[in-house]
>>> print(open('start.cif').read())   # mmCIF, C-alpha atoms
data_model
loop_
_atom_site.label_atom_id
_atom_site.label_comp_id
_atom_site.auth_asym_id
_atom_site.auth_seq_id
_atom_site.Cartn_x
_atom_site.Cartn_y
_atom_site.Cartn_z
CA MET V 115 1.78 14.36 -7.10
CA THR V 116 3.27 11.22 -5.68
CA ALA V 117 5.81 11.21 -8.48
CA SER V 118 7.79 14.10 -7.04
CA LYS V 119 8.08 12.50 -3.62
CA GLU V 120 11.44 11.32 -2.37
CA LEU V 121 11.61 7.55 -1.97
CA GLN V 122 12.38 6.38 1.54
CA ALA V 123 14.59 3.43 2.30
CA ARG V 124 12.58 0.61 3.73
CA GLU V 125 13.89 -2.54 5.20
CA LYS V 126 12.71 -5.69 3.51
CA GLN V 127 10.04 -7.37 5.57
CA GLU V 128 11.01 -10.78 6.71
CA LEU V 129 8.20 -13.30 6.99
CA ALA V 130 7.14 -13.50 10.62
CA THR V 131 6.26 -17.15 10.84
CA SER V 132 8.83 -19.60 9.66
CA ALA V 133 6.92 -22.69 10.74
CA GLU V 134 6.22 -23.94 7.27
CA GLN V 135 9.77 -23.58 6.12
CA THR V 136 11.54 -26.71 5.12
CA ARG V 137 14.53 -25.22 3.40
CA PRO V 138 17.18 -22.90 4.80
CA GLY V 139 17.32 -19.32 3.67
CA LEU V 140 15.44 -16.13 4.24
CA VAL V 141 11.86 -15.48 3.25
CA PHE V 142 10.58 -11.99 2.57
CA THR V 143 7.13 -10.55 2.10
CA PRO V 144 6.86 -8.73 -1.21
CA GLU V 145 5.15 -5.35 -1.26
CA VAL V 146 1.91 -5.51 -3.20
CA ASP V 147 -0.83 -3.38 -4.67
CA ILE V 148 -4.19 -5.06 -5.05
CA PHE V 149 -7.06 -3.41 -6.82
CA GLU V 150 -10.39 -4.51 -8.04
CA GLU V 151 -12.34 -3.60 -11.09
CA ASP V 152 -15.77 -4.79 -12.15
CA ARG V 153 -14.51 -7.85 -13.95
CA GLU V 154 -11.11 -8.56 -12.51
CA ILE V 155 -8.78 -8.26 -9.58
CA THR V 156 -5.22 -7.18 -10.29
CA LEU V 157 -2.26 -7.81 -8.04
CA LEU V 158 1.11 -6.13 -8.46
CA ALA V 159 4.02 -7.48 -6.45
CA ASP V 160 7.60 -6.20 -6.25
CA MET V 161 9.85 -9.21 -6.57
CA PRO V 162 13.26 -7.95 -7.66
CA GLY V 163 15.80 -10.57 -8.66
CA VAL V 164 13.25 -13.25 -9.45
CA ALA V 165 13.23 -14.74 -12.95
CA ALA V 166 9.91 -15.47 -14.64
CA ASN V 167 10.26 -19.24 -14.39
CA ASP V 168 11.07 -19.08 -10.67
CA ILE V 169 7.69 -17.69 -9.76
CA SER V 170 4.92 -20.00 -8.70
CA ILE V 171 1.32 -18.95 -8.35
CA ASP V 172 -1.16 -21.26 -6.77
CA LEU V 173 -4.85 -20.71 -6.21
CA GLN V 174 -6.61 -23.22 -4.05
CA ASP V 175 -9.80 -22.95 -2.03
CA GLY V 176 -9.80 -19.19 -2.40
CA VAL V 177 -6.23 -18.83 -1.14
CA LEU V 178 -3.71 -17.39 -3.53
CA THR V 179 -0.10 -18.32 -2.79
CA LEU V 180 2.73 -16.43 -4.38
CA THR V 181 6.28 -17.75 -4.24
CA GLY V 182 9.38 -16.40 -5.93
CA ASP V 183 12.79 -18.00 -5.70
CA VAL V 184 15.89 -15.88 -5.95
CA LYS V 185 19.03 -17.46 -7.30
CA PRO V 186 22.25 -16.23 -5.74
CA TRP V 187 23.65 -13.45 -7.89
CA LYS V 188 27.16 -13.37 -6.64
CA GLU V 189 30.01 -15.06 -8.42
CA ALA V 190 31.89 -17.56 -6.32
CA GLU V 191 35.08 -15.53 -6.02
CA GLU V 192 33.38 -12.33 -4.93
CA CYS V 193 33.63 -11.29 -1.33
CA ASP V 194 31.37 -8.83 0.44
CA VAL V 195 32.48 -5.32 1.16
CA LEU V 196 29.21 -3.85 2.38
CA ILE V 197 25.81 -5.38 2.96
CA GLU V 198 22.69 -3.32 3.40
CA PHE V 199 20.04 -5.77 2.29
CA GLU V 200 19.69 -9.50 2.32
CA ILE V 201 18.33 -11.68 -0.41
CA GLY V 202 15.94 -14.55 -0.09
CA LYS V 203 12.80 -15.92 -1.54
CA TYR V 204 9.46 -14.15 -1.57
CA TYR V 205 6.33 -15.64 -0.15
CA ARG V 206 2.87 -14.27 0.43
CA GLN V 207 -0.65 -15.59 0.71
CA PHE V 208 -3.93 -13.84 0.05
CA THR V 209 -7.50 -14.83 0.63
CA LEU V 210 -9.77 -13.97 -2.23
CA SER V 211 -13.35 -13.29 -1.44
CA ASP V 212 -14.70 -13.49 -4.97
CA ALA V 213 -14.82 -16.53 -7.17
CA ILE V 214 -12.04 -16.42 -9.74
CA ASN V 215 -12.06 -17.87 -13.21
CA GLN V 216 -8.96 -19.99 -12.77
CA ASP V 217 -8.45 -20.73 -16.44
CA LYS V 218 -8.04 -17.10 -17.33
CA ILE V 219 -5.49 -16.04 -14.73
CA ASN V 220 -2.76 -14.09 -16.44
CA ALA V 221 0.68 -13.42 -14.98
CA LYS V 222 3.29 -11.12 -16.39
CA LEU V 223 6.71 -10.23 -15.02
CA GLU V 224 8.28 -6.97 -16.01
CA ASP V 225 11.35 -5.32 -14.44
CA GLY V 226 10.96 -7.36 -11.28
CA VAL V 227 7.27 -6.56 -10.84
CA LEU V 228 4.73 -9.31 -11.15
CA ARG V 229 1.36 -8.34 -12.54
CA LEU V 230 -1.32 -10.89 -11.89
CA THR V 231 -4.74 -10.51 -13.46
CA LEU V 232 -7.45 -12.59 -11.88
CA PRO V 233 -10.71 -12.44 -13.83
CA LYS V 234 -13.79 -12.88 -11.72
CA ALA V 235 -16.06 -15.79 -12.41
CA GLN V 236 -19.36 -14.85 -14.00
CA LYS V 237 -21.37 -15.08 -10.82
CA ALA V 238 -19.08 -12.63 -9.04
CA VAL V 239 -19.39 -9.91 -11.68
CA PRO V 240 -21.70 -7.25 -10.30
CA ARG V 241 -24.95 -6.96 -12.15
CA GLN V 242 -27.11 -3.95 -12.33
CA ILE V 243 -30.45 -4.74 -10.79
CA THR V 244 -33.29 -2.60 -11.84
CA VAL V 245 -36.04 -2.14 -9.33
CA THR V 246 -39.42 -1.91 -10.88
CA SER V 247 -42.18 -0.34 -8.95
CA GLY V 248 -45.40 -2.20 -9.23
CA MET M 105 35.56 -15.71 12.07
CA VAL M 106 35.26 -16.73 15.69
CA THR M 107 31.92 -18.38 15.17
CA ARG M 108 33.39 -20.76 12.66
CA LYS M 109 35.91 -22.04 15.19
CA MET M 110 33.07 -23.03 17.47
CA MET M 111 31.81 -25.26 14.74
CA GLY M 112 34.66 -27.69 15.21
CA PHE M 113 32.38 -29.84 17.35
CA PRO M 114 29.86 -31.65 15.23
CA SER M 115 28.71 -33.44 18.38
CA MET M 116 27.28 -30.18 19.61
CA GLY M 117 24.67 -30.46 16.91
CA TRP M 118 24.55 -26.76 16.20
CA PRO M 119 21.23 -26.20 14.46
CA LEU M 120 22.31 -23.28 12.30
CA SER M 121 24.18 -23.33 9.03
CA PHE M 122 27.17 -21.12 8.28
CA ASP M 123 25.03 -18.74 6.29
CA GLU M 124 22.65 -18.22 9.14
CA MET M 125 25.49 -17.74 11.58
CA GLU M 126 27.04 -15.14 9.34
CA ARG M 127 23.75 -13.37 9.06
CA MET M 128 23.30 -13.36 12.80
CA ALA M 129 26.76 -11.96 13.19
CA ARG M 130 25.87 -9.25 10.70
CA GLN M 131 22.74 -8.37 12.60
CA MET M 132 24.72 -8.17 15.81
CA ASN M 133 27.10 -5.83 14.02
CA TRP M 134 24.19 -3.70 12.92
CA LEU M 135 23.06 -3.42 16.51
CA THR M 136 26.44 -2.67 18.01
CA SER M 137 27.46 -0.22 15.32
CA GLY M 138 24.19 1.59 15.93
CA ILE M 139 24.76 1.78 19.67
CA LEU M 140 28.47 2.48 19.72
CA GLY M 141 28.54 4.49 16.54
CA LYS M 142 31.50 2.67 15.09
CA SER M 143 31.64 1.47 11.55
CA GLY M 144 34.52 -0.94 11.64
CA VAL M 145 32.20 -3.60 10.26
CA PRO M 146 31.10 -3.61 6.65
CA THR M 147 27.40 -3.52 7.47
CA PHE M 148 25.12 -0.60 8.07
CA SER M 149 22.08 1.01 6.62
CA ALA M 150 22.47 4.49 5.20
CA LYS M 151 18.69 5.00 5.42
CA VAL M 152 18.78 6.27 1.87
CA PHE M 153 16.92 4.58 -0.94
CA PRO M 154 18.02 2.29 -2.48
CA ALA M 155 19.81 -0.12 -0.17
CA ILE M 156 23.01 -1.37 -1.80
CA ASN M 157 25.37 -4.28 -1.50
CA ILE M 158 28.99 -3.98 -2.54
CA SER M 159 31.27 -6.89 -3.23
CA GLU M 160 34.61 -7.28 -4.93
CA ASP M 161 36.83 -9.75 -6.67
CA THR M 162 40.43 -9.24 -7.71
CA GLY M 163 39.62 -7.05 -10.69
CA LYS M 164 36.28 -5.37 -10.02
CA TYR M 165 33.87 -3.89 -7.55
CA TYR M 166 30.22 -4.88 -7.85
CA VAL M 167 27.44 -2.63 -6.63
CA ARG M 168 24.00 -4.24 -6.52
CA THR M 169 20.64 -2.82 -5.71
CA GLU M 170 17.00 -3.79 -6.06
CA LEU M 171 15.02 -1.43 -8.25
CA PRO M 172 11.78 -3.19 -9.14
CA GLY M 173 9.49 -1.51 -11.62
CA ILE M 174 12.07 0.96 -12.84
CA LYS M 175 13.02 1.05 -16.49
CA ALA M 176 16.68 1.16 -17.46
CA ASP M 177 16.29 4.60 -19.04
CA ALA M 178 14.88 6.02 -15.80
CA ILE M 179 18.11 5.24 -13.95
CA LYS M 180 21.05 7.63 -14.06
CA LEU M 181 24.53 6.55 -13.07
CA GLU M 182 27.47 8.88 -12.72
CA ILE M 183 30.96 8.23 -11.55
CA ILE M 184 33.46 10.82 -10.42
CA GLY M 185 36.60 9.55 -8.80
CA ARG M 186 35.49 7.08 -6.16
CA SER M 187 31.94 8.37 -5.96
CA LEU M 188 29.20 6.60 -7.80
CA THR M 189 25.95 8.52 -8.00
CA LEU M 190 22.75 6.58 -8.59
CA SER M 191 19.59 8.52 -9.19
CA GLY M 192 16.27 8.11 -10.90
CA GLU M 193 12.59 7.99 -10.44
CA ARG M 194 10.14 5.22 -9.87
CA LYS M 195 6.77 5.80 -11.44
CA ILE M 196 3.61 3.91 -10.73
CA HIS M 197 1.02 4.40 -13.38
CA SER M 198 -2.53 5.13 -12.49
CA GLU M 199 -4.72 2.11 -13.02
CA GLY M 200 -7.81 3.97 -14.12
CA GLU M 201 -10.74 5.45 -12.31
CA ASN M 202 -12.54 2.20 -11.74
CA ALA M 203 -9.78 0.65 -9.70
CA ARG M 204 -10.74 0.24 -6.09
CA TYR M 205 -7.74 -0.54 -3.95
CA HIS M 206 -7.59 -3.28 -1.36
CA ARG M 207 -3.95 -2.71 -0.66
CA LYS M 208 -1.40 -0.15 -1.71
CA GLU M 209 2.07 -0.79 -0.40
CA ARG M 210 4.24 0.01 -3.37
CA GLU M 211 5.61 3.51 -3.51
CA ALA M 212 6.67 5.84 -6.27
CA GLY M 213 9.15 8.66 -6.06
CA ARG M 214 12.55 10.05 -6.84
CA PHE M 215 15.78 8.75 -5.43
CA SER M 216 19.38 9.79 -5.42
CA ARG M 217 22.28 8.24 -3.63
CA VAL M 218 26.05 8.68 -3.60
CA ILE M 219 28.04 5.53 -3.01
CA SER M 220 31.67 5.79 -1.95
CA LEU M 221 33.64 2.97 -3.46
CA PRO M 222 36.26 1.39 -1.23
CA GLY M 223 39.18 1.92 -3.62
CA ASP M 224 40.32 3.70 -6.75
CA VAL M 225 38.58 2.67 -9.95
CA GLU M 226 38.91 3.00 -13.69
CA THR M 227 36.05 5.37 -14.40
CA ASP M 228 36.11 4.45 -18.09
CA SER M 229 35.27 0.82 -17.58
CA VAL M 230 31.94 0.65 -15.80
CA GLU M 231 29.27 -1.81 -16.83
CA ALA M 232 25.71 -1.64 -15.61
CA LYS M 233 22.90 -4.02 -16.31
CA LEU M 234 19.35 -4.30 -15.09
CA VAL M 235 17.82 -7.77 -14.97
CA ASN M 236 14.44 -8.45 -13.36
CA GLY M 237 14.58 -5.28 -11.33
CA LEU M 238 18.07 -5.96 -10.06
CA LEU M 239 20.80 -3.50 -11.01
CA THR M 240 24.39 -4.71 -11.10
CA VAL M 241 27.16 -2.20 -11.67
CA ALA M 242 30.60 -3.67 -12.28
CA ILE M 243 33.44 -1.19 -11.94
CA ALA M 244 37.01 -2.13 -12.81
CA LYS M 245 39.54 -1.44 -10.08
CA ALA M 246 42.43 0.88 -10.78
CA GLU M 247 45.83 -0.82 -11.03
CA ALA M 248 46.76 0.53 -7.61
CA ALA M 249 43.72 -1.05 -5.95
CA LYS M 250 44.30 -4.54 -7.33
CA PRO M 251 45.96 -7.06 -5.07
CA LYS M 252 49.60 -7.72 -5.89
CA GLN M 253 51.45 -10.94 -5.38
CA VAL M 254 54.69 -10.39 -3.50
CA THR M 255 57.38 -12.97 -3.79
CA VAL M 256 59.36 -13.63 -0.68
CA LEU M 257 63.03 -14.01 -1.47
#
>>> encode(input="start.cif", output="structure tokens")
Amino acid sequence: MTASKELQAREKQELATSAEQTRPGLVFTPEVDIFEEDREITLLADMPGVAANDISIDLQDGVLTLTGDVKPWKEAEECDVLIEFEIGKYYRQFTLSDAINQDKINAKLEDGVLRLTLPKAQKAVPRQITVTSG
Amino acid sequence: MVTRKMMGFPSMGWPLSFDEMERMARQMNWLTSGILGKSGVPTFSAKVFPAINISEDTGKYYVRTELPGIKADAIKLEIIGRSLTLSGERKIHSEGENARYHRKEREAGRFSRVISLPGDVETDSVEAKLVNGLLTVAIAKAEAAKPKQVTVL
């Protein structure tokens, strides 16, 4: 259904607040999918141009911070002919409502998409509660 | 560039770096080319997916585009004369019935775009590689499009 749809060009979303920036350069917000299953939360983020070792994932006090650095791709002697999109690092923060088992967080980067699996801590896994009538 | 000449005064303490100035200039160009409808500047958005950047060195043209989540075999590249056609499909697999979405911003779909290269090229020597969702197509320039050194006698 969605597969036959024509993709629309979207401008990369620049991060609105630049207050925390200490280094020059652009910062973009990656597009994400977040879904939840009984035992884990999965986050998929589009971060094209970021190498696996340039991604940093930080979970602190229920706030998940995602950063991806992009190295310049151009060779020194190249000059621009046409520019339709800018490059820069990716940054996004999420608040997680459920407790996460930090030791078992799994991150995988494939074709510029980061897949982050956040297993819920035992107490956050929903339990079936049977009501007994007495 | 005019802006660079203004930079001859370090005492002015201009807070922006060259990169940022260039980017601002580009954004101004975007605005003015949109209003006045002229394309004398090498920046515009074709409003067609994917957005591309083109650069060149003495021997080649480089076309770059961001295609995250697309496998190399799902991308089709074709070159006829100066026209490079880039098409393919981005698929997002279903994550199962139990998945309850908090956010869904990533999109799937087909795309197709024709890119007009700025000069004649050798259609036989095109290299394309996809690294971390970033496609780089290097196309060798035709002899006629390469810069020639002219000796002044």
>>> closest_residue(input="start.cif", among="V:Pro138, V:Thr143, V:Asp152, V:Asp194", to="chain M", atoms="only C-alpha atoms")
V:Asp194
>>> interface_residues(input="start.cif", of="chain M", to="chain V", cutoff="7 Å", atoms="only C-alpha atoms", output="JSON, numbers by chain")
{"M": [146, 147, 148, 149, 151, 152, 153, 154, 155, 156, 157, 158, 159, 160, 161, 170, 171, 172, 173, 174, 175, 195, 202, 203, 204, 205, 206, 207, 208, 209, 210, 212, 213, 214, 215, 235, 236, 237, 238]}
>>> residues_around(input="start.cif", residues="V:Gly182", least_positions_apart="2", cutoff="8 Å", atoms="only C-alpha atoms", output="VMD selection string")
chain V and resid 161 164 168 to 170 180 184 203 to 205
>>> resolve_selection(input="start.cif", expression="the PyMOL selection byres ((chain V and resi 209) around 10)", output="list of chain:residue names")
V:Leu173, V:Gln174, V:Asp175, V:Gly176, V:Val177, V:Leu178, V:Thr179, V:Gln207, V:Phe208, V:Leu210, V:Ser211, V:Asp212
>>> write_last_selection(input="start.cif", atoms="C-alpha atoms", output="mmCIF file, keeping the file's coordinate frame")
data_model
loop_
_atom_site.group_PDB
_atom_site.id
_atom_site.type_symbol
_atom_site.label_atom_id
_atom_site.label_comp_id
_atom_site.auth_asym_id
_atom_site.auth_seq_id
_atom_site.Cartn_x
_atom_site.Cartn_y
_atom_site.Cartn_z
ATOM 1 C CA LEU V 173 -4.850 -20.710 -6.210
ATOM 2 C CA GLN V 174 -6.610 -23.220 -4.050
ATOM 3 C CA ASP V 175 -9.800 -22.950 -2.030
ATOM 4 C CA GLY V 176 -9.800 -19.190 -2.400
ATOM 5 C CA VAL V 177 -6.230 -18.830 -1.140
ATOM 6 C CA LEU V 178 -3.710 -17.390 -3.530
ATOM 7 C CA THR V 179 -0.100 -18.320 -2.790
ATOM 8 C CA GLN V 207 -0.650 -15.590 0.710
ATOM 9 C CA PHE V 208 -3.930 -13.840 0.050
ATOM 10 C CA LEU V 210 -9.770 -13.970 -2.230
ATOM 11 C CA SER V 211 -13.350 -13.290 -1.440
ATOM 12 C CA ASP V 212 -14.700 -13.490 -4.970
#
>>> residues_near_point(input="start.cif", point="(36.9, 0.6, -14.2)", cutoff="7 Å", atoms="only C-alpha atoms", output="PyMOL selection string")
chain M and resi 225-230+243-246
>>> atom_distance(input="start.cif", atom1="atom CA of M:Glu211", atom2="atom CA of M:Gln131")
26.3 Å
>>> resolve_selection(input="start.cif", expression="the PyMOL selection byres ((chain V and resi 234-236) around 8)", output="list in words")
Arg153, Glu154, Ile155, Asp212, Ala213, Ile214, Asn215, Leu232, Pro233, Lys237, Ala238 and Val239 of chain V
>>> closest_residue(input="start.cif", among="M:Val241, M:Thr169, M:Ala176, M:Ala249", to="M:Leu188", atoms="all atoms listed in the file")
M:Val241
